[in-house]
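This report refers to the structure that appears directly beneath it.
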Amino acid sequence: MNNEGFTIWLTGLSGAGKTTISEMLCKELRERQAPCEMLDGDIVREHLSKGLSFSREDRDINILRIGFVAALLSRNRVCVIVSAISPYKNTRNQVRQTIKNFIEVYVKCPIDECERRDVKGLYKKARTGIIKSFTGIDDPYEEPQQPEVTCCTDLETVESSVRKILRYLELANYIPAPMDAVSWPERQARN
Ligand code: ADP
């Protein structure tokens with residue numbers, strides 16, 4: 001069993017379901033006594049990246065900052081869950097190079113459905129020109145080519161997406177299977 005931390009990096013359009021999946025996944029991991037921390041793009045922009053714009057350059061700075069923190073945490077045995085649009089393939093790959101156990105999860109949802117959900121009312125603002133450079137409308141989103149996991153949130157439930165990610169983590173030996181009686185801290189102490 002791997003006794004290191006890891007970073008689960010959820011990428012996808014606004015409203016695709018990254019935060020919703022992250023929260024449930026984090027709860028599941030904590031229930032298994034795994035030390036877990038979430039880095040949500042929206043929250044990071046209020047603190048670590050306050051004042052950054054949505055230009056390509058600033059988007060990249062934001063992602064690299066999140067990647068830097070995720071690398072620090074995950075090398076100290078923390079299970080990190082990042083939810084950030086992270087629209088650029090090269091920047092995601094750059095982050096991948098700096099994090100030892102990097103798991104890219106593509107939270108995939110057609111833009112029509114994201115727009116129908118319009119959780120934060122941002123699509124409406126983007127369509128009416130109140131917000132400029134909105135990913136998927138007038139700014140690009142580069143789809144992952146070979147993500148470790150893909151969750152199609154227009155077709156599957158939140159629960160099944162979370163199960164799929166947990167299954168990947170179990171099969172890749174990042175976390176013990178739930179039937180295993182040995183707790184996460186006990187396992188780390190043994191290794
Ligand atoms: P993001 O973090 O990607 O911007 P959110 O998680 O904030 O997206 O919002 C996604 C919305 O879609 C939530 O209101 C959530 O309840 C809803 N939703 C519907 N089906 C799913 C699903 N299968 N997976 C994730 N979210 C879903």
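Ligands are numbered from 1 in the order shown, chains are lettered A, B, ... in the order of the structure tokens, and residues start at 1 in each chain.
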query: So which residues are near ligand 1, meaning at most 9 Å away with only C-alpha atoms and all ligand atoms counted, given back as a ChimeraX atom specification?
result: /A:10-23,40-42,83-85,107,109,113-114,117-120,151-162
Any chance you could export the current selection's N, CA, C and O atoms as a compact mmCIF listing (two decimals), in the first residue's frame?
```
# COMPACT_ATOMS: atom_id res chain seq x y z
N LEU A 10 -9.58 18.09 -10.05
CA LEU A 10 -10.82 18.09 -10.84
C LEU A 10 -10.83 19.31 -11.75
O LEU A 10 -10.75 20.45 -11.28
N THR A 11 -10.93 19.05 -13.03
CA THR A 11 -10.99 20.12 -14.03
C THR A 11 -12.29 20.01 -14.82
O THR A 11 -12.81 18.90 -15.01
N GLY A 12 -12.81 21.13 -15.26
CA GLY A 12 -14.05 21.11 -16.05
C GLY A 12 -14.68 22.49 -16.06
O GLY A 12 -14.24 23.40 -15.33
N LEU A 13 -15.71 22.63 -16.85
CA LEU A 13 -16.40 23.92 -17.00
C LEU A 13 -17.03 24.37 -15.68
O LEU A 13 -17.31 23.54 -14.80
N SER A 14 -17.32 25.64 -15.59
CA SER A 14 -18.06 26.16 -14.44
C SER A 14 -19.44 25.49 -14.41
O SER A 14 -20.11 25.39 -15.45
N GLY A 15 -19.83 25.00 -13.26
CA GLY A 15 -21.13 24.34 -13.14
C GLY A 15 -21.12 22.87 -13.51
O GLY A 15 -22.15 22.19 -13.44
N ALA A 16 -19.95 22.34 -13.88
CA ALA A 16 -19.89 20.93 -14.29
C ALA A 16 -20.08 20.00 -13.09
O ALA A 16 -20.52 18.86 -13.24
N GLY A 17 -19.71 20.47 -11.89
CA GLY A 17 -19.90 19.65 -10.69
C GLY A 17 -18.63 19.42 -9.87
O GLY A 17 -18.63 18.57 -8.97
N LYS A 18 -17.58 20.17 -10.13
CA LYS A 18 -16.29 19.95 -9.44
C LYS A 18 -16.43 20.11 -7.92
O LYS A 18 -15.98 19.26 -7.18
N THR A 19 -17.03 21.20 -7.49
CA THR A 19 -17.13 21.47 -6.05
C THR A 19 -18.04 20.44 -5.38
O THR A 19 -17.72 19.91 -4.31
N THR A 20 -19.15 20.13 -6.04
CA THR A 20 -20.11 19.16 -5.47
C THR A 20 -19.44 17.80 -5.28
O THR A 20 -19.56 17.18 -4.21
N ILE A 21 -18.70 17.35 -6.28
CA ILE A 21 -18.02 16.05 -6.19
C ILE A 21 -16.91 16.12 -5.13
O ILE A 21 -16.77 15.20 -4.32
N SER A 22 -16.16 17.23 -5.13
CA SER A 22 -15.05 17.39 -4.16
C SER A 22 -15.55 17.26 -2.73
O SER A 22 -14.92 16.60 -1.91
N GLU A 23 -16.67 17.92 -2.46
CA GLU A 23 -17.16 17.93 -1.07
C GLU A 23 -17.54 16.53 -0.62
O GLU A 23 -17.21 16.11 0.49
N ASP A 40 -10.29 24.86 -3.40
CA ASP A 40 -11.32 25.19 -4.38
C ASP A 40 -10.92 26.49 -5.09
O ASP A 40 -10.57 27.48 -4.43
N GLY A 41 -10.98 26.46 -6.41
CA GLY A 41 -10.57 27.62 -7.21
C GLY A 41 -11.21 28.92 -6.76
O GLY A 41 -10.53 29.94 -6.61
N ASP A 42 -12.53 28.88 -6.50
CA ASP A 42 -13.24 30.11 -6.11
C ASP A 42 -12.71 30.64 -4.78
O ASP A 42 -12.55 31.84 -4.59
N SER A 83 -10.37 21.66 -6.90
CA SER A 83 -11.43 21.87 -7.89
C SER A 83 -11.22 23.25 -8.49
O SER A 83 -11.36 24.26 -7.79
N ALA A 84 -10.82 23.26 -9.73
CA ALA A 84 -10.54 24.53 -10.42
C ALA A 84 -10.76 24.28 -11.91
O ALA A 84 -10.37 23.22 -12.42
N ILE A 85 -11.34 25.25 -12.59
CA ILE A 85 -11.63 25.06 -14.02
C ILE A 85 -10.37 24.60 -14.76
O ILE A 85 -10.42 23.69 -15.56
N VAL A 107 -14.17 16.44 -15.02
CA VAL A 107 -15.59 16.55 -14.68
C VAL A 107 -16.26 17.08 -15.94
O VAL A 107 -16.24 18.28 -16.23
N CYS A 109 -19.17 17.80 -18.65
CA CYS A 109 -20.60 18.11 -18.76
C CYS A 109 -20.78 19.06 -19.95
O CYS A 109 -20.03 20.04 -20.07
N GLU A 113 -25.84 22.02 -20.61
CA GLU A 113 -26.32 21.58 -19.29
C GLU A 113 -25.75 22.47 -18.17
O GLU A 113 -26.48 22.84 -17.24
N CYS A 114 -24.47 22.85 -18.30
CA CYS A 114 -23.87 23.76 -17.30
C CYS A 114 -24.65 25.07 -17.29
O CYS A 114 -24.92 25.65 -16.24
N ARG A 117 -27.98 24.68 -15.62
CA ARG A 117 -27.84 24.68 -14.14
C ARG A 117 -27.55 26.10 -13.65
O ARG A 117 -28.09 26.51 -12.64
N ASP A 118 -26.69 26.78 -14.33
CA ASP A 118 -26.22 28.14 -14.01
C ASP A 118 -26.24 28.44 -12.50
O ASP A 118 -26.88 29.41 -12.05
N VAL A 119 -25.50 27.62 -11.77
CA VAL A 119 -25.50 27.64 -10.30
C VAL A 119 -25.26 29.05 -9.74
O VAL A 119 -25.89 29.46 -8.78
N LYS A 120 -24.31 29.76 -10.33
CA LYS A 120 -23.95 31.07 -9.76
C LYS A 120 -24.45 32.23 -10.62
O LYS A 120 -24.07 33.38 -10.40
N CYS A 151 -15.69 11.85 -15.19
CA CYS A 151 -17.03 11.78 -14.60
C CYS A 151 -17.97 12.57 -15.50
O CYS A 151 -17.78 13.78 -15.66
N CYS A 152 -18.93 11.89 -16.09
CA CYS A 152 -19.89 12.57 -16.98
C CYS A 152 -21.09 12.96 -16.13
O CYS A 152 -21.99 12.14 -15.89
N THR A 153 -21.12 14.20 -15.67
CA THR A 153 -22.11 14.56 -14.66
C THR A 153 -23.51 14.81 -15.21
O THR A 153 -24.44 15.00 -14.44
N ASP A 154 -23.64 14.80 -16.54
CA ASP A 154 -25.00 14.88 -17.10
C ASP A 154 -25.61 13.48 -17.20
O ASP A 154 -26.81 13.34 -17.41
N LEU A 155 -24.77 12.46 -17.01
CA LEU A 155 -25.25 11.08 -17.18
C LEU A 155 -25.20 10.28 -15.88
O LEU A 155 -25.90 9.29 -15.74
N GLU A 156 -24.32 10.67 -14.97
CA GLU A 156 -24.19 9.89 -13.74
C GLU A 156 -24.47 10.76 -12.51
O GLU A 156 -24.37 11.98 -12.58
N THR A 157 -24.79 10.09 -11.41
CA THR A 157 -25.09 10.83 -10.17
C THR A 157 -23.79 11.25 -9.49
O THR A 157 -22.72 10.73 -9.80
N VAL A 158 -23.91 12.19 -8.55
CA VAL A 158 -22.75 12.62 -7.77
C VAL A 158 -22.14 11.40 -7.07
O VAL A 158 -20.92 11.21 -7.07
N GLU A 159 -23.02 10.57 -6.50
CA GLU A 159 -22.55 9.39 -5.77
C GLU A 159 -21.74 8.47 -6.67
O GLU A 159 -20.69 7.97 -6.27
N SER A 160 -22.21 8.27 -7.91
CA SER A 160 -21.46 7.33 -8.77
C SER A 160 -20.14 7.94 -9.21
O SER A 160 -19.15 7.22 -9.36
N SER A 161 -20.08 9.27 -9.38
CA SER A 161 -18.80 9.90 -9.72
C SER A 161 -17.81 9.72 -8.56
O SER A 161 -16.65 9.40 -8.78
N VAL A 162 -18.31 9.92 -7.34
CA VAL A 162 -17.43 9.79 -6.17
C VAL A 162 -16.95 8.35 -6.04
O VAL A 162 -15.77 8.09 -5.79
```
Write out as a CSV table (one decimal) with N, CA, C and O atoms, in the first residue's frame each polymer residue whose atoms come within 12 Å of A:Asn173, counting only C-alpha atoms; drop sequence neighbours fewer than 4 positions from it.
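Saved the output as selection.csv:
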```csv
chain,number,residue,atom,x,y,z
A,1,MET,N,0.8,-1.2,0.0
A,1,MET,CA,0.0,0.0,0.0
A,1,MET,C,0.9,1.2,0.0
A,1,MET,O,1.9,1.3,0.7
A,2,ASN,N,0.5,2.2,-0.8
A,2,ASN,CA,1.2,3.5,-0.9
A,2,ASN,C,0.9,4.3,0.4
A,2,ASN,O,-0.2,4.4,0.7
A,3,ASN,N,1.9,4.7,1.0
A,3,ASN,CA,1.6,5.5,2.2
A,3,ASN,C,1.9,7.0,2.0
A,3,ASN,O,2.1,7.8,3.0
A,4,GLU,N,1.9,7.4,0.8
A,4,GLU,CA,2.1,8.8,0.5
A,4,GLU,C,0.8,9.6,0.3
A,4,GLU,O,-0.3,8.9,0.1
A,5,GLY,N,0.8,10.9,0.2
A,5,GLY,CA,-0.4,11.6,-0.1
A,5,GLY,C,-0.5,11.7,-1.6
A,5,GLY,O,0.2,11.1,-2.4
A,6,PHE,N,-1.6,12.3,-2.1
A,6,PHE,CA,-1.8,12.5,-3.5
A,6,PHE,C,-2.7,13.7,-3.8
A,6,PHE,O,-3.2,14.3,-2.8
A,101,ASN,N,2.1,12.3,-7.0
A,101,ASN,CA,0.9,11.4,-7.2
A,101,ASN,C,-0.2,12.3,-7.7
A,101,ASN,O,-1.0,12.8,-6.8
A,166,LEU,N,-13.1,7.0,-6.0
A,166,LEU,CA,-12.6,6.2,-4.8
A,166,LEU,C,-12.1,4.8,-5.3
A,166,LEU,O,-11.1,4.3,-4.9
A,167,ARG,N,-12.8,4.2,-6.3
A,167,ARG,CA,-12.4,3.0,-6.9
A,167,ARG,C,-11.0,3.1,-7.5
A,167,ARG,O,-10.2,2.2,-7.4
A,168,TYR,N,-10.8,4.2,-8.3
A,168,TYR,CA,-9.5,4.4,-8.9
A,168,TYR,C,-8.4,4.5,-7.8
A,168,TYR,O,-7.4,3.8,-7.9
A,169,LEU,N,-8.7,5.2,-6.7
A,169,LEU,CA,-7.7,5.4,-5.7
A,169,LEU,C,-7.4,4.0,-5.0
A,169,LEU,O,-6.3,3.7,-4.6
A,177,ALA,N,-9.0,-0.4,0.6
A,177,ALA,CA,-10.4,-0.7,0.3
A,177,ALA,C,-11.2,-0.7,1.6
A,177,ALA,O,-10.7,-1.0,2.6
```
task: Find the residues near A:Ile99: any atom within 9 Å, counting only C-alpha atoms, skip ones fewer than 3 places away on the same chain, and give them as a PyMOL selection string.
output: chain A and resi 6-7+67-68+70-72+74-75+95-96+102
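With only C-alpha atoms as the atoms that count, the minimum distance from A:Leu25 to the choices A:Tyr88, A:Ile111, A:Ile131, A:Val82 is reached by A:Val82.
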query: Which residues, written as a VMD selection string, have at least one atom at most 6 Å from A:Trp9, with only C-alpha atoms counted and residues fewer than 6 positions away on the same chain left out?
result: chain A and resid 82 103 to 105
Now that the selection is made, can you save its residues with N, CA, C and O atoms as a CSV table (one decimal), in the first residue's frame?
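File written: part.csv
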```csv
chain,number,residue,atom,x,y,z
A,82,VAL,N,-8.3,19.2,-5.5
A,82,VAL,CA,-8.4,20.5,-6.1
A,82,VAL,C,-9.6,20.6,-7.0
A,82,VAL,O,-9.8,19.7,-7.8
A,103,ILE,N,-3.6,12.9,-9.9
A,103,ILE,CA,-4.7,12.2,-10.5
A,103,ILE,C,-5.6,13.2,-11.1
A,103,ILE,O,-6.3,14.0,-10.4
A,104,GLU,N,-5.7,13.2,-12.5
A,104,GLU,CA,-6.5,14.2,-13.1
A,104,GLU,C,-7.9,13.6,-13.3
A,104,GLU,O,-8.1,12.5,-13.9
A,105,VAL,N,-8.9,14.3,-12.9
A,105,VAL,CA,-10.3,13.9,-13.0
A,105,VAL,C,-11.0,14.9,-13.9
A,105,VAL,O,-11.1,16.1,-13.6
```
- prompt: If we count only C-alpha atoms, what is near stretch 29-34 of chain A at a cut-off of 9 Å, once residues fewer than 3 positions away on the same chain are taken out, given as a ChimeraX atom specification?
  reply: /A:24-26,78-79,166,175-176,178,183-185
message: Among chain A, which ones does DSSP assign to strand (DSSP E or B) (computed from the backbone)? Answer as an NGL selection string.
response: :A and (6-11 or 36-40 or 79-83 or 102-108 or 135 or 139 or 149-152)
Alpha helix (DSSP H) per DSSP on the backbone: members of stretch 94-191 of chain A, as an MDAnalysis selection string: chainID A and resid 94:98 111:117 122:127 158:171 184:190
Filtering to C-alpha atoms, could you give me those residues as a PDB file, in the first residue's frame?
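out-v1.pdb, written as the output of this step:
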```
ATOM      1  CA  GLN A  94       3.022  21.609 -15.888  1.00  0.00           C
ATOM      2  CA  VAL A  95       1.386  21.067 -12.511  1.00  0.00           C
ATOM      3  CA  ARG A  96       1.338  17.315 -13.113  1.00  0.00           C
ATOM      4  CA  GLN A  97       5.150  17.401 -13.436  1.00  0.00           C
ATOM      5  CA  THR A  98       5.545  18.983  -9.982  1.00  0.00           C
ATOM      6  CA  ILE A 111     -21.978  23.459 -21.831  1.00  0.00           C
ATOM      7  CA  ASP A 112     -25.746  23.491 -22.501  1.00  0.00           C
ATOM      8  CA  GLU A 113     -26.321  21.577 -19.287  1.00  0.00           C
ATOM      9  CA  CYS A 114     -23.871  23.763 -17.299  1.00  0.00           C
ATOM     10  CA  GLU A 115     -25.730  26.777 -18.625  1.00  0.00           C
ATOM     11  CA  ARG A 116     -29.091  25.260 -17.718  1.00  0.00           C
ATOM     12  CA  ARG A 117     -27.839  24.679 -14.143  1.00  0.00           C
ATOM     13  CA  LEU A 122     -22.509  33.464 -14.327  1.00  0.00           C
ATOM     14  CA  TYR A 123     -23.561  32.055 -17.721  1.00  0.00           C
ATOM     15  CA  LYS A 124     -26.383  34.562 -17.903  1.00  0.00           C
ATOM     16  CA  LYS A 125     -23.944  37.368 -17.176  1.00  0.00           C
ATOM     17  CA  ALA A 126     -21.484  36.011 -19.747  1.00  0.00           C
ATOM     18  CA  ARG A 127     -24.209  35.748 -22.424  1.00  0.00           C
ATOM     19  CA  VAL A 158     -22.752  12.620  -7.767  1.00  0.00           C
ATOM     20  CA  GLU A 159     -22.550   9.392  -5.768  1.00  0.00           C
ATOM     21  CA  SER A 160     -21.463   7.334  -8.768  1.00  0.00           C
ATOM     22  CA  SER A 161     -18.803   9.903  -9.716  1.00  0.00           C
ATOM     23  CA  VAL A 162     -17.434   9.793  -6.168  1.00  0.00           C
ATOM     24  CA  ARG A 163     -17.504   5.984  -6.167  1.00  0.00           C
ATOM     25  CA  LYS A 164     -15.612   5.950  -9.470  1.00  0.00           C
ATOM     26  CA  ILE A 165     -12.843   8.169  -8.063  1.00  0.00           C
ATOM     27  CA  LEU A 166     -12.627   6.154  -4.833  1.00  0.00           C
ATOM     28  CA  ARG A 167     -12.401   2.950  -6.872  1.00  0.00           C
ATOM     29  CA  TYR A 168      -9.530   4.400  -8.891  1.00  0.00           C
ATOM     30  CA  LEU A 169      -7.732   5.351  -5.650  1.00  0.00           C
ATOM     31  CA  GLU A 170      -8.247   1.860  -4.252  1.00  0.00           C
ATOM     32  CA  LEU A 171      -7.059   0.084  -7.391  1.00  0.00           C
ATOM     33  CA  TRP A 184      -5.490   4.812   7.474  1.00  0.00           C
ATOM     34  CA  PRO A 185      -3.269   6.154  10.350  1.00  0.00           C
ATOM     35  CA  GLU A 186      -2.477   2.608  11.500  1.00  0.00           C
ATOM     36  CA  ARG A 187      -1.492   1.682   7.960  1.00  0.00           C
ATOM     37  CA  GLN A 188       0.762   4.723   7.619  1.00  0.00           C
ATOM     38  CA  ALA A 189       2.419   3.935  10.945  1.00  0.00           C
ATOM     39  CA  ARG A 190       3.132   0.358   9.806  1.00  0.00           C
TER      40      ARG A 190
END
```
message: One decimal, in Å: what's the spacing between atom CA of A:Lys89 and atom CA of A:Glu142?
response: 5.8 Å
field: Exercise: A:Ser55 partners within 12 Å, only C-alpha atoms, chain neighbours under 3 positions left out, as a ChimeraX atom specification
entry: /A:51-52,58-62,87-88,132-135,138-140
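With distances taken over only C-alpha atoms, A:Thr91 is the one residue among A:Gln146, A:Thr91, A:Asn76, A:Ser49 lying closest to A:Leu64.
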message: Report, in Å to a single decimal, how far apart atom CA of A:Ile43 and atom CA of A:Pro147 are.
response: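 About the pair atom CA of A:Pro147 and atom CA of A:Ile43: they are 24.1 Å apart.
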Distance in Å - atom CA of A:Arg77 versus atom CA of A:Glu28: 16.8 Å
